[in-house]
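A quick write-up on the structure given underneath.
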Amino acid sequence: MKRLSVGSAVPNDTKTKILRGALDLISKVGISKLTVEEVALNCDVSRMTIYRYFPKGKDQLLSEVIAAEAFEWLEQLMEHVSCYDNFEDVAVYGLMFARRKLLEHRVLNKILEEEPEALLPMLTIEANRIIAFIHLYVVTQLFKVKLSENLNADEVAEYLARMLLSVVISPGSWDLTQEAEVRLLVRTQFLAVLNPPEPS
Amino acid sequence: MVSNQAGFTKKDYSVTLGFGFKETSSKTGSVSDTAETQIDVLISTFDRIVNAGFECLAKYGYAKTSMDDIAKEAKCSRATLYRLFPNGKDEIISSLVEKGTTDLFIELESITKSLADLNEAIALVLLVAAKELNGNIALQKVIQCDPEYILPNLVFENMDTILLTAAESGSSLFENWLNRELSLKLTEWLTRIVLTYISSPKGQIKFNDYEAIRDFVKTFIEPGIQLMKLNPRSQNQ
């Protein structure tokens, strides 16, 4: 599948190695105890090498680890939904898949459990990028359906992007493992805007 | 804040105060008149402390507010403060949030009760809820000074709890138009919308403009409600 660029450019090998090593270390020591020295040791590179790729040190390393993980999450998601040709199916199977992947992310869940205050501010910045990405994706999807004249594609895309991410992170009363339930959610709260029923 | 007046009834207080109240009445040998007065004193102290918590948060944010600050603001002793709130400032803030939420839903209910049009009711609920949250100086100060304290409450399981609690608290907002099942779903949906738009307001829809909200409701929410009504699953429940 064609790479969709989310944030930074396609990483080269050393950079990828450092990001993976850092993630691995985070899974063991968490965020607040992470040091550039230990990442260097863990990846078998010098501290200088790490600072060459991440001149701002630990904070930059962390935010790029998060960005890389979010990128991978979105990439897998795009691949997962690429076989569906209508937007309803894309939304239904995309929501179910994205939620499952989120719950399966071992490191994310460990950090959320143990030191949420260290992760969440960065995650919020990432969330804005993810919303921007989904927004763009939805706009391209909206080109395929005939949008009625009174609708503003950008406004619809923004609404859908916000709702999609919100539901994936906190489904509330909706059970995202039940396809029928997710389909009801998608039809009523997401896509009714595109095909409004006749007023009763 | 919706108001600084007590939103609780005496019954709410005796439940909330539980432990402290019992201790006091046993000391005074449970003469009912004295107990009544004691309860009144406790209520007004409890109220003063919660309001003081609000003032301190608005002035200093979360991290820089201490129990001493709250005691000073409430003009009561540290001993009294800890007797009513043994778990410290987080417990005061919980009471504050609970009171704020109760007040907000009371206000919303008084608005929707007298309306005839569902779209209008939804639009006003969105407008007033967004206005109260944006205009809550304590909340805004904490968001500004201590985002790391607020954020964990707005994601993952904590957000699920907020959504479910809000849906339950607001389930009678739309009882003129919808059955309970649909009301719960709608209130949860609206809570999600308000929170996503006020937590990152950079967007198309202006949540301080009634006409803009009316359009939003007509475009995004009304068709969804029509479909929810048609769905056999939600009709059965």
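Ordering of the structure tokens sets the chain letters (A, B, ...), residue numbers begin anew at 1 in every chain, and ligands are numbered from 1 in the order given.
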Near-Phe220 in chain B list (10 Å; only C-alpha atoms; drop same-chain fewer than 3 positions) as a list in words: Val156, Tyr159, Leu160, Thr188, Gln189, Phe190, Leu191, Ala192, Val193, Leu194 and Pro196 of chain A; Asp215, Phe216, Val217, Pro223, Gly224 and Ile225 of chain B
Only N, CA and C atoms, please: the residues just picked out, written as a PDB file, in the first residue's frame.
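New file out_22.pdb:
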```pdb
ATOM      1  N   VAL A 156     -18.509  18.620   7.335  1.00  0.00           N
ATOM      2  CA  VAL A 156     -18.894  17.219   7.526  1.00  0.00           C
ATOM      3  C   VAL A 156     -17.664  16.398   7.904  1.00  0.00           C
ATOM      4  N   TYR A 159     -16.560  17.080  11.486  1.00  0.00           N
ATOM      5  CA  TYR A 159     -17.462  16.429  12.439  1.00  0.00           C
ATOM      6  C   TYR A 159     -17.157  14.926  12.510  1.00  0.00           C
ATOM      7  N   LEU A 160     -17.048  14.300  11.346  1.00  0.00           N
ATOM      8  CA  LEU A 160     -16.815  12.846  11.329  1.00  0.00           C
ATOM      9  C   LEU A 160     -15.467  12.491  11.945  1.00  0.00           C
ATOM     10  N   THR A 188     -26.669   6.193  12.446  1.00  0.00           N
ATOM     11  CA  THR A 188     -27.440   7.260  13.084  1.00  0.00           C
ATOM     12  C   THR A 188     -26.592   8.492  13.403  1.00  0.00           C
ATOM     13  N   GLN A 189     -25.443   8.290  14.082  1.00  0.00           N
ATOM     14  CA  GLN A 189     -24.712   9.456  14.576  1.00  0.00           C
ATOM     15  C   GLN A 189     -23.618   9.945  13.621  1.00  0.00           C
ATOM     16  N   PHE A 190     -23.278   9.113  12.633  1.00  0.00           N
ATOM     17  CA  PHE A 190     -22.206   9.521  11.723  1.00  0.00           C
ATOM     18  C   PHE A 190     -22.727   9.884  10.336  1.00  0.00           C
ATOM     19  N   LEU A 191     -23.456   8.953   9.739  1.00  0.00           N
ATOM     20  CA  LEU A 191     -23.723   9.122   8.317  1.00  0.00           C
ATOM     21  C   LEU A 191     -25.132   9.571   7.961  1.00  0.00           C
ATOM     22  N   ALA A 192     -26.007   9.716   8.965  1.00  0.00           N
ATOM     23  CA  ALA A 192     -27.367  10.167   8.652  1.00  0.00           C
ATOM     24  C   ALA A 192     -27.319  11.516   7.945  1.00  0.00           C
ATOM     25  N   VAL A 193     -26.264  12.279   8.242  1.00  0.00           N
ATOM     26  CA  VAL A 193     -26.101  13.598   7.622  1.00  0.00           C
ATOM     27  C   VAL A 193     -26.014  13.501   6.099  1.00  0.00           C
ATOM     28  N   LEU A 194     -25.476  12.367   5.603  1.00  0.00           N
ATOM     29  CA  LEU A 194     -25.295  12.241   4.151  1.00  0.00           C
ATOM     30  C   LEU A 194     -26.587  11.834   3.433  1.00  0.00           C
ATOM     31  N   PRO A 196     -30.166  12.022   4.734  1.00  0.00           N
ATOM     32  CA  PRO A 196     -31.200  12.235   5.744  1.00  0.00           C
ATOM     33  C   PRO A 196     -32.503  11.550   5.333  1.00  0.00           C
TER      34      PRO A 196
ATOM     35  N   ASP B 215     -28.236  25.284  12.986  1.00  0.00           N
ATOM     36  CA  ASP B 215     -27.897  24.663  11.701  1.00  0.00           C
ATOM     37  C   ASP B 215     -27.204  23.321  11.902  1.00  0.00           C
ATOM     38  N   PHE B 216     -26.279  23.315  12.861  1.00  0.00           N
ATOM     39  CA  PHE B 216     -25.548  22.083  13.168  1.00  0.00           C
ATOM     40  C   PHE B 216     -26.520  20.967  13.564  1.00  0.00           C
ATOM     41  N   VAL B 217     -27.476  21.305  14.431  1.00  0.00           N
ATOM     42  CA  VAL B 217     -28.445  20.310  14.907  1.00  0.00           C
ATOM     43  C   VAL B 217     -29.291  19.792  13.745  1.00  0.00           C
ATOM     44  N   PRO B 223     -31.337  14.217  11.474  1.00  0.00           N
ATOM     45  CA  PRO B 223     -31.483  12.996  10.658  1.00  0.00           C
ATOM     46  C   PRO B 223     -31.132  11.726  11.443  1.00  0.00           C
ATOM     47  N   GLY B 224     -30.147  11.839  12.319  1.00  0.00           N
ATOM     48  CA  GLY B 224     -29.750  10.682  13.125  1.00  0.00           C
ATOM     49  C   GLY B 224     -30.858  10.258  14.074  1.00  0.00           C
ATOM     50  N   ILE B 225     -31.541  11.240  14.655  1.00  0.00           N
ATOM     51  CA  ILE B 225     -32.645  10.909  15.576  1.00  0.00           C
ATOM     52  C   ILE B 225     -33.790  10.247  14.813  1.00  0.00           C
TER      53      ILE B 225
END
```
Exercise answer, chain B residues close to chain A, 9 Å and only C-alpha atoms, as JSON, numbers by chain: {"B": [147, 148, 149, 151, 152, 154, 155, 156, 157, 158, 159, 160, 161, 162, 163, 164, 185, 188, 189, 192, 193, 196, 197, 200, 203, 204, 205, 219, 220, 221, 222, 223, 224, 225, 226, 227, 228, 231]}
Could those selected residues go to a file with C-alpha atoms, as a compact mmCIF listing (two decimals), in the first residue's frame?
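To be explicit, this is the file written out as out_10.txt:
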```txt
# COMPACT_ATOMS: atom_id res chain seq x y z
CA PRO B 147 -3.61 20.37 31.67
CA GLU B 148 -1.98 17.16 32.95
CA TYR B 149 -4.56 17.08 35.74
CA LEU B 151 -6.59 15.46 30.46
CA PRO B 152 -6.66 12.02 32.10
CA LEU B 154 -11.24 13.33 29.32
CA VAL B 155 -9.94 10.16 27.67
CA PHE B 156 -10.30 6.40 27.79
CA GLU B 157 -12.25 4.88 30.71
CA ASN B 158 -12.64 8.17 32.55
CA MET B 159 -14.31 9.71 29.54
CA ASP B 160 -16.53 6.62 29.25
CA THR B 161 -17.62 7.30 32.83
CA ILE B 162 -18.34 10.95 32.02
CA LEU B 163 -20.38 9.96 28.97
CA LEU B 164 -22.45 7.39 30.87
CA LYS B 185 -28.20 7.75 23.48
CA GLU B 188 -24.40 10.71 25.43
CA TRP B 189 -24.02 11.89 21.84
CA ARG B 192 -19.41 13.81 23.24
CA ILE B 193 -20.03 16.70 20.84
CA THR B 196 -14.80 17.45 21.62
CA TYR B 197 -15.67 20.91 20.36
CA SER B 200 -10.20 21.70 20.79
CA GLY B 203 -12.95 24.20 13.91
CA GLN B 204 -15.83 25.07 11.68
CA ILE B 205 -18.67 25.13 14.15
CA THR B 219 -27.75 18.98 9.63
CA PHE B 220 -26.05 16.44 11.87
CA ILE B 221 -28.39 15.45 14.67
CA GLU B 222 -31.98 15.59 13.44
CA PRO B 223 -31.48 13.00 10.66
CA GLY B 224 -29.75 10.68 13.13
CA ILE B 225 -32.64 10.91 15.58
CA GLN B 226 -35.12 10.15 12.78
CA LEU B 227 -33.15 6.99 12.01
CA MET B 228 -32.84 6.05 15.67
CA ASN B 231 -34.62 1.39 14.39
```
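Counting from CA of Glu115 in chain A, the distance to CA of Lys33 in chain A is 10.7 Å.
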Residue neighbourhood range 52-55 of chain A, 7 Å, only C-alpha atoms, exclusion window fewer than 5 positions, as a PyMOL selection string: chain A and resi 15+60-61
Between CA of Ile18 in chain A and CA of Glu37 in chain A - distance in Å to one decimal: 11.8 Å
Residue neighbourhood Leu186 in chain B, 9 Å, only C-alpha atoms, exclusion window fewer than 5 positions, as a list in words: Ala167, Ser171, Phe174, Glu181, Thr191, Ile221 and Ile225 of chain B
DSSP-assigned helix (DSSP H, G or I) among range 99-190 of chain A, expressed as a ChimeraX atom specification: /A:99-104,106-114,116-142,153-169,179-190
Contact residues around range 137-139 of chain A with only C-alpha atoms at 12 Å, ignoring same-chain residues under 4 positions, as number ranges by chain: A: 4-6, 74-75, 77-78, 81-82, 86-88, 90-91, 130-133, 143-145, 147, 152-164, 190-191
